Amino acid sequence: MEQILAKGRFHAAHRQLGYAGKCAWVHGHTWRGTFIVRAEAFPRDELDMSVDFGALKDIFKELDHRMLVSEQDTTFLDSGLFEPEGVVVMPGSNPSVENVTHYCMNEAVDRLTKLFPGRGIDYDLELTIQETENNFFTLRRTVTI
Ligand SMILES: [Zn+2]
């Protein structure tokens with residue numbers, strides 16, 4: 001069994017629509033993410049290297065200094081008010097740590113699929129996103145690509 005661990009962080013803002021409390025207001029966090037990817041044997045590229053750590057860390061980099069929103073947040077999705085390139089739509093009804101984690105996991109699966117398509121390799125992906133000092137969310141997914 002081989003394992004890759006890649007860590008990154010990004011500074012991003014969000015708000016929780018409908019939340020009864022201060023999280024309803026726009027605020028930012030320094031989010032920290034840790035990917036752990038396991039496979040019996042990773043595919044190798046022409047340089048005999050396996051999954052590029054950068055490809056996973058890029059997912060975090062691309063969220064840096066962005067506003068994370070849901071599709072319901074029509075204020076931030078109004079291109080007359082905010083630059084669309086500064087806004088990233090998360091799945092679900094709010095950009096909660098759970099949904100930010102699902103977004104990053106979906107991106108990881110997409111990138112693995114593009115890097116090494118159709119090899120029939122079983123991957124076990126685990127992603128933990130830390131929103132605050134004490135708030136973590138971990139998602140685990142197994143895929144065959
Ligand atoms: Zn928050």
# chains A, B, ... in the order shown; residues from 1 in each chain; ligands from 1
>>> residues_around(residues="region 68-72 of chain A", least_positions_apart="3", cutoff="9 Å", atoms="only C-alpha atoms", output="VMD selection string")
chain A and resid 12 to 17 63 75 to 77 86 to 95 100
>>> write_last_selection(atoms="C-alpha atoms", output="PDB file, in the first residue's frame")
ATOM      1  CA  ALA A  12     -11.170  32.644   2.122  1.00  0.00           C
ATOM      2  CA  ALA A  13     -14.414  34.223   3.220  1.00  0.00           C
ATOM      3  CA  HIS A  14     -17.924  32.858   3.494  1.00  0.00           C
ATOM      4  CA  ARG A  15     -21.226  33.349   5.273  1.00  0.00           C
ATOM      5  CA  GLN A  16     -24.003  30.988   6.288  1.00  0.00           C
ATOM      6  CA  LEU A  17     -27.337  32.108   4.882  1.00  0.00           C
ATOM      7  CA  LEU A  63      -9.630  28.978  -3.290  1.00  0.00           C
ATOM      8  CA  THR A  75     -25.818  38.784  -3.859  1.00  0.00           C
ATOM      9  CA  PHE A  76     -22.306  37.441  -4.408  1.00  0.00           C
ATOM     10  CA  LEU A  77     -23.304  35.784  -7.689  1.00  0.00           C
ATOM     11  CA  GLY A  86     -13.421  36.099  -6.994  1.00  0.00           C
ATOM     12  CA  VAL A  87     -16.360  33.858  -6.139  1.00  0.00           C
ATOM     13  CA  VAL A  88     -16.436  30.037  -5.972  1.00  0.00           C
ATOM     14  CA  VAL A  89     -19.718  28.127  -5.711  1.00  0.00           C
ATOM     15  CA  MET A  90     -19.735  25.283  -3.203  1.00  0.00           C
ATOM     16  CA  PRO A  91     -22.171  22.349  -3.390  1.00  0.00           C
ATOM     17  CA  GLY A  92     -25.174  22.347  -1.046  1.00  0.00           C
ATOM     18  CA  SER A  93     -27.169  25.183   0.426  1.00  0.00           C
ATOM     19  CA  ASN A  94     -24.320  26.872   2.363  1.00  0.00           C
ATOM     20  CA  PRO A  95     -20.511  27.115   2.147  1.00  0.00           C
ATOM     21  CA  VAL A 100     -16.094  23.058   1.279  1.00  0.00           C
TER      22      VAL A 100
END
>>> residues_near_ligand(ligand="ligand 1", cutoff="7 Å", atoms="only C-alpha atoms and all ligand atoms", output="ChimeraX atom specification")
/A:14-15,23,27-29,131
>>> closest_residue(among="A:Thr144, A:Thr132, A:Gln3, A:Thr74", to="Phe116 (chain A)", atoms="only C-alpha atoms")
A:Thr144
>>> closest_residue(among="A:Met105, A:Leu127, A:Met49, A:Ile59", to="Leu5 (chain A)", atoms="only C-alpha atoms")
A:Leu127
>>> closest_residue(among="A:Ser79, A:Ser96, A:Ile145, A:Leu115", to="Ser50 (chain A)", atoms="only C-alpha atoms")
A:Leu115
>>> atom_distance(atom1="CA of Asp52 (chain A)", atom2="CA of Thr34 (chain A)")
14.5 Å
>>> select_by_dssp(residues="chain A", states="strand (DSSP E)", output="MDAnalysis selection string")
chainID A and resid 2:14 27:39 66:69 87:89 122:130 136:144
>>> residues_around(residues="Arg119 (chain A)", least_positions_apart="3", cutoff="12 Å", atoms="only C-alpha atoms", output="ChimeraX atom specification")
/A:41-44,112-116,122-123,143-145
>>> residues_around(residues="Phe35 (chain A)", least_positions_apart="3", cutoff="8 Å", atoms="only C-alpha atoms", output="list in words")
Ile4, Leu5, Ala6, Lys7, Leu56, Leu125, Glu126, Leu127 and Thr128 of chain A
>>> closest_residue(among="A:Ile129, A:Val97, A:Val26, A:Val109", to="Ala55 (chain A)", atoms="only C-alpha atoms")
A:Val109
>>> residues_around(residues="Phe60 (chain A)", least_positions_apart="3", cutoff="8 Å", atoms="only C-alpha atoms", output="PDB file with all heavy atoms, in the first residue's frame")
ATOM      1  N   GLY A   8      -2.137  21.920   2.586  1.00  0.00           N
ATOM      2  CA  GLY A   8      -2.143  23.278   2.063  1.00  0.00           C
ATOM      3  C   GLY A   8      -3.051  24.138   2.901  1.00  0.00           C
ATOM      4  O   GLY A   8      -3.734  23.649   3.813  1.00  0.00           O
ATOM      5  N   ARG A   9      -3.038  25.426   2.600  1.00  0.00           N
ATOM      6  CA  ARG A   9      -3.956  26.316   3.304  1.00  0.00           C
ATOM      7  C   ARG A   9      -4.376  27.433   2.367  1.00  0.00           C
ATOM      8  O   ARG A   9      -3.719  27.710   1.372  1.00  0.00           O
ATOM      9  CB  ARG A   9      -3.324  26.873   4.571  1.00  0.00           C
ATOM     10  CG  ARG A   9      -2.212  27.828   4.321  1.00  0.00           C
ATOM     11  CD  ARG A   9      -1.716  28.450   5.598  1.00  0.00           C
ATOM     12  NE  ARG A   9      -0.722  29.455   5.235  1.00  0.00           N
ATOM     13  CZ  ARG A   9      -0.194  30.314   6.070  1.00  0.00           C
ATOM     14  NH1 ARG A   9      -0.548  30.307   7.332  1.00  0.00           N
ATOM     15  NH2 ARG A   9       0.686  31.189   5.667  1.00  0.00           N
ATOM     16  N   PHE A  10      -5.488  28.031   2.701  1.00  0.00           N
ATOM     17  CA  PHE A  10      -5.982  29.147   1.909  1.00  0.00           C
ATOM     18  C   PHE A  10      -6.779  30.071   2.814  1.00  0.00           C
ATOM     19  O   PHE A  10      -7.349  29.656   3.815  1.00  0.00           O
ATOM     20  CB  PHE A  10      -6.830  28.672   0.721  1.00  0.00           C
ATOM     21  CG  PHE A  10      -7.988  27.766   1.085  1.00  0.00           C
ATOM     22  CD1 PHE A  10      -9.269  28.283   1.216  1.00  0.00           C
ATOM     23  CD2 PHE A  10      -7.804  26.409   1.297  1.00  0.00           C
ATOM     24  CE1 PHE A  10     -10.346  27.464   1.542  1.00  0.00           C
ATOM     25  CE2 PHE A  10      -8.866  25.581   1.642  1.00  0.00           C
ATOM     26  CZ  PHE A  10     -10.132  26.108   1.765  1.00  0.00           C
ATOM     27  N   GLY A  33      -6.061  22.335   4.791  1.00  0.00           N
ATOM     28  CA  GLY A  33      -6.532  21.068   4.239  1.00  0.00           C
ATOM     29  C   GLY A  33      -5.434  20.037   4.211  1.00  0.00           C
ATOM     30  O   GLY A  33      -4.267  20.369   3.977  1.00  0.00           O
ATOM     31  N   LEU A  56      -2.942  18.317  -6.108  1.00  0.00           N
ATOM     32  CA  LEU A  56      -3.883  18.349  -4.979  1.00  0.00           C
ATOM     33  C   LEU A  56      -3.804  19.692  -4.254  1.00  0.00           C
ATOM     34  O   LEU A  56      -4.828  20.288  -3.900  1.00  0.00           O
ATOM     35  CB  LEU A  56      -3.585  17.208  -4.009  1.00  0.00           C
ATOM     36  CG  LEU A  56      -3.771  15.802  -4.589  1.00  0.00           C
ATOM     37  CD1 LEU A  56      -3.311  14.753  -3.597  1.00  0.00           C
ATOM     38  CD2 LEU A  56      -5.218  15.565  -4.979  1.00  0.00           C
ATOM     39  N   LYS A  57      -2.594  20.195  -4.070  1.00  0.00           N
ATOM     40  CA  LYS A  57      -2.452  21.473  -3.356  1.00  0.00           C
ATOM     41  C   LYS A  57      -3.009  22.637  -4.164  1.00  0.00           C
ATOM     42  O   LYS A  57      -3.442  23.634  -3.594  1.00  0.00           O
ATOM     43  CB  LYS A  57      -0.988  21.701  -2.977  1.00  0.00           C
ATOM     44  CG  LYS A  57      -0.545  20.739  -1.866  1.00  0.00           C
ATOM     45  CD  LYS A  57       0.798  21.103  -1.293  1.00  0.00           C
ATOM     46  CE  LYS A  57       1.894  20.512  -2.145  1.00  0.00           C
ATOM     47  NZ  LYS A  57       3.210  20.577  -1.481  1.00  0.00           N
ATOM     48  N   LEU A  63      -8.599  28.400  -4.164  1.00  0.00           N
ATOM     49  CA  LEU A  63      -9.630  28.978  -3.290  1.00  0.00           C
ATOM     50  C   LEU A  63      -9.097  30.174  -2.500  1.00  0.00           C
ATOM     51  O   LEU A  63      -9.862  30.857  -1.804  1.00  0.00           O
ATOM     52  CB  LEU A  63     -10.150  27.915  -2.307  1.00  0.00           C
ATOM     53  CG  LEU A  63     -10.883  26.723  -2.943  1.00  0.00           C
ATOM     54  CD1 LEU A  63     -11.277  25.722  -1.864  1.00  0.00           C
ATOM     55  CD2 LEU A  63     -12.098  27.187  -3.734  1.00  0.00           C
ATOM     56  N   ASP A  64      -7.801  30.444  -2.638  1.00  0.00           N
ATOM     57  CA  ASP A  64      -7.178  31.496  -1.828  1.00  0.00           C
ATOM     58  C   ASP A  64      -7.702  32.883  -2.214  1.00  0.00           C
ATOM     59  O   ASP A  64      -7.792  33.211  -3.396  1.00  0.00           O
ATOM     60  CB  ASP A  64      -5.660  31.435  -2.015  1.00  0.00           C
ATOM     61  CG  ASP A  64      -4.933  32.271  -0.970  1.00  0.00           C
ATOM     62  OD1 ASP A  64      -5.338  32.233   0.209  1.00  0.00           O
ATOM     63  OD2 ASP A  64      -3.974  32.958  -1.347  1.00  0.00           O
ATOM     64  N   CYS A 104     -13.716  20.234  -2.411  1.00  0.00           N
ATOM     65  CA  CYS A 104     -12.294  19.885  -2.615  1.00  0.00           C
ATOM     66  C   CYS A 104     -12.143  18.409  -2.974  1.00  0.00           C
ATOM     67  O   CYS A 104     -11.301  18.052  -3.807  1.00  0.00           O
ATOM     68  CB  CYS A 104     -11.483  20.221  -1.364  1.00  0.00           C
ATOM     69  SG  CYS A 104     -11.355  21.999  -1.039  1.00  0.00           S
TER      70      CYS A 104
END
>>> select_by_dssp(residues="region 15-137 of chain A", states="alpha helix (DSSP H)", output="NGL selection string")
:A and (53-61 or 97-115)
>>> write_last_selection(atoms="N, CA, C and O atoms", output="CSV table (one decimal), in the first residue's frame")
chain,number,residue,atom,x,y,z
A,53,PHE,N,1.9,16.0,-6.1
A,53,PHE,CA,1.4,16.7,-4.9
A,53,PHE,C,0.8,18.0,-5.2
A,53,PHE,O,-0.2,18.5,-4.7
A,54,GLY,N,1.4,18.7,-6.2
A,54,GLY,CA,0.9,20.0,-6.6
A,54,GLY,C,-0.5,20.0,-7.1
A,54,GLY,O,-1.2,21.0,-6.9
A,55,ALA,N,-0.9,18.9,-7.8
A,55,ALA,CA,-2.2,18.9,-8.4
A,55,ALA,C,-3.3,18.9,-7.3
A,55,ALA,O,-4.3,19.5,-7.4
A,56,LEU,N,-2.9,18.3,-6.1
A,56,LEU,CA,-3.9,18.3,-5.0
A,56,LEU,C,-3.8,19.7,-4.3
A,56,LEU,O,-4.8,20.3,-3.9
A,57,LYS,N,-2.6,20.2,-4.1
A,57,LYS,CA,-2.5,21.5,-3.4
A,57,LYS,C,-3.0,22.6,-4.2
A,57,LYS,O,-3.4,23.6,-3.6
A,58,ASP,N,-3.0,22.5,-5.5
A,58,ASP,CA,-3.6,23.5,-6.4
A,58,ASP,C,-5.1,23.8,-6.0
A,58,ASP,O,-5.6,24.9,-6.2
A,59,ILE,N,-5.7,22.7,-5.6
A,59,ILE,CA,-7.2,22.9,-5.2
A,59,ILE,C,-7.3,23.9,-4.1
A,59,ILE,O,-8.2,24.7,-4.2
A,60,PHE,N,-6.4,23.9,-3.1
A,60,PHE,CA,-6.5,24.8,-2.1
A,60,PHE,C,-6.0,26.2,-2.6
A,60,PHE,O,-6.7,27.2,-2.2
A,61,LYS,N,-5.0,26.2,-3.4
A,61,LYS,CA,-4.5,27.5,-3.9
A,61,LYS,C,-5.5,28.3,-4.7
A,61,LYS,O,-5.6,29.5,-4.6
A,97,VAL,N,-18.1,24.1,6.3
A,97,VAL,CA,-16.9,23.3,6.2
A,97,VAL,C,-17.2,22.0,5.6
A,97,VAL,O,-16.4,21.4,4.8
A,98,GLU,N,-18.4,21.4,5.8
A,98,GLU,CA,-18.7,20.2,5.2
A,98,GLU,C,-18.8,20.3,3.7
A,98,GLU,O,-18.2,19.4,3.0
A,99,ASN,N,-19.4,21.4,3.2
A,99,ASN,CA,-19.5,21.5,1.8
A,99,ASN,C,-18.2,22.0,1.1
A,99,ASN,O,-18.0,21.6,-0.1
A,100,VAL,N,-17.4,22.7,1.8
A,100,VAL,CA,-16.1,23.1,1.3
A,100,VAL,C,-15.3,21.8,1.1
A,100,VAL,O,-14.6,21.6,0.1
A,101,THR,N,-15.4,20.9,2.1
A,101,THR,CA,-14.7,19.6,2.0
A,101,THR,C,-15.2,18.8,0.8
A,101,THR,O,-14.4,18.2,0.0
A,102,HIS,N,-16.5,18.7,0.6
A,102,HIS,CA,-17.0,18.0,-0.5
A,102,HIS,C,-16.5,18.6,-1.9
A,102,HIS,O,-16.2,17.9,-2.8
A,103,TYR,N,-16.5,19.9,-1.9
A,103,TYR,CA,-16.0,20.6,-3.1
A,103,TYR,C,-14.6,20.2,-3.4
A,103,TYR,O,-14.3,19.8,-4.5
A,104,CYS,N,-13.7,20.2,-2.4
A,104,CYS,CA,-12.3,19.9,-2.6
A,104,CYS,C,-12.1,18.4,-3.0
A,104,CYS,O,-11.3,18.1,-3.8
A,105,MET,N,-13.0,17.5,-2.4
A,105,MET,CA,-12.9,16.1,-2.7
A,105,MET,C,-13.3,15.9,-4.2
A,105,MET,O,-12.7,15.1,-4.9
A,106,ASN,N,-14.4,16.5,-4.6
A,106,ASN,CA,-14.8,16.4,-6.0
A,106,ASN,C,-13.7,16.8,-6.9
A,106,ASN,O,-13.5,16.2,-8.0
A,107,GLU,N,-13.1,17.9,-6.6
A,107,GLU,CA,-12.0,18.4,-7.4
A,107,GLU,C,-10.8,17.4,-7.5
A,107,GLU,O,-10.2,17.2,-8.5
A,108,ALA,N,-10.5,16.8,-6.3
A,108,ALA,CA,-9.4,15.8,-6.3
A,108,ALA,C,-9.8,14.6,-7.2
A,108,ALA,O,-8.9,14.2,-7.9
A,109,VAL,N,-11.0,14.1,-7.1
A,109,VAL,CA,-11.4,13.0,-8.0
A,109,VAL,C,-11.3,13.4,-9.5
A,109,VAL,O,-10.8,12.6,-10.3
A,110,ASP,N,-11.7,14.6,-9.8
A,110,ASP,CA,-11.7,15.1,-11.2
A,110,ASP,C,-10.2,15.1,-11.7
A,110,ASP,O,-9.9,14.7,-12.8
A,111,ARG,N,-9.3,15.7,-10.8
A,111,ARG,CA,-7.9,15.8,-11.2
A,111,ARG,C,-7.2,14.5,-11.3
A,111,ARG,O,-6.4,14.3,-12.2
A,112,LEU,N,-7.5,13.5,-10.4
A,112,LEU,CA,-6.9,12.2,-10.5
A,112,LEU,C,-7.4,11.5,-11.8
A,112,LEU,O,-6.6,10.9,-12.5
A,113,THR,N,-8.7,11.7,-12.1
A,113,THR,CA,-9.3,11.1,-13.4
A,113,THR,C,-8.6,11.7,-14.6
A,113,THR,O,-8.3,10.9,-15.5
A,114,LYS,N,-8.2,13.0,-14.6
A,114,LYS,CA,-7.6,13.6,-15.7
A,114,LYS,C,-6.1,13.2,-15.8
A,114,LYS,O,-5.6,13.0,-16.9
A,115,LEU,N,-5.4,13.0,-14.7
A,115,LEU,CA,-4.0,12.7,-14.6
A,115,LEU,C,-3.8,11.3,-15.1
A,115,LEU,O,-2.8,11.0,-15.9
>>> atom_distance(atom1="CA of Phe137 (chain A)", atom2="CA of His11 (chain A)")
17.0 Å
>>> atom_distance(atom1="CA of Leu139 (chain A)", atom2="CA of Tyr19 (chain A)")
23.2 Å
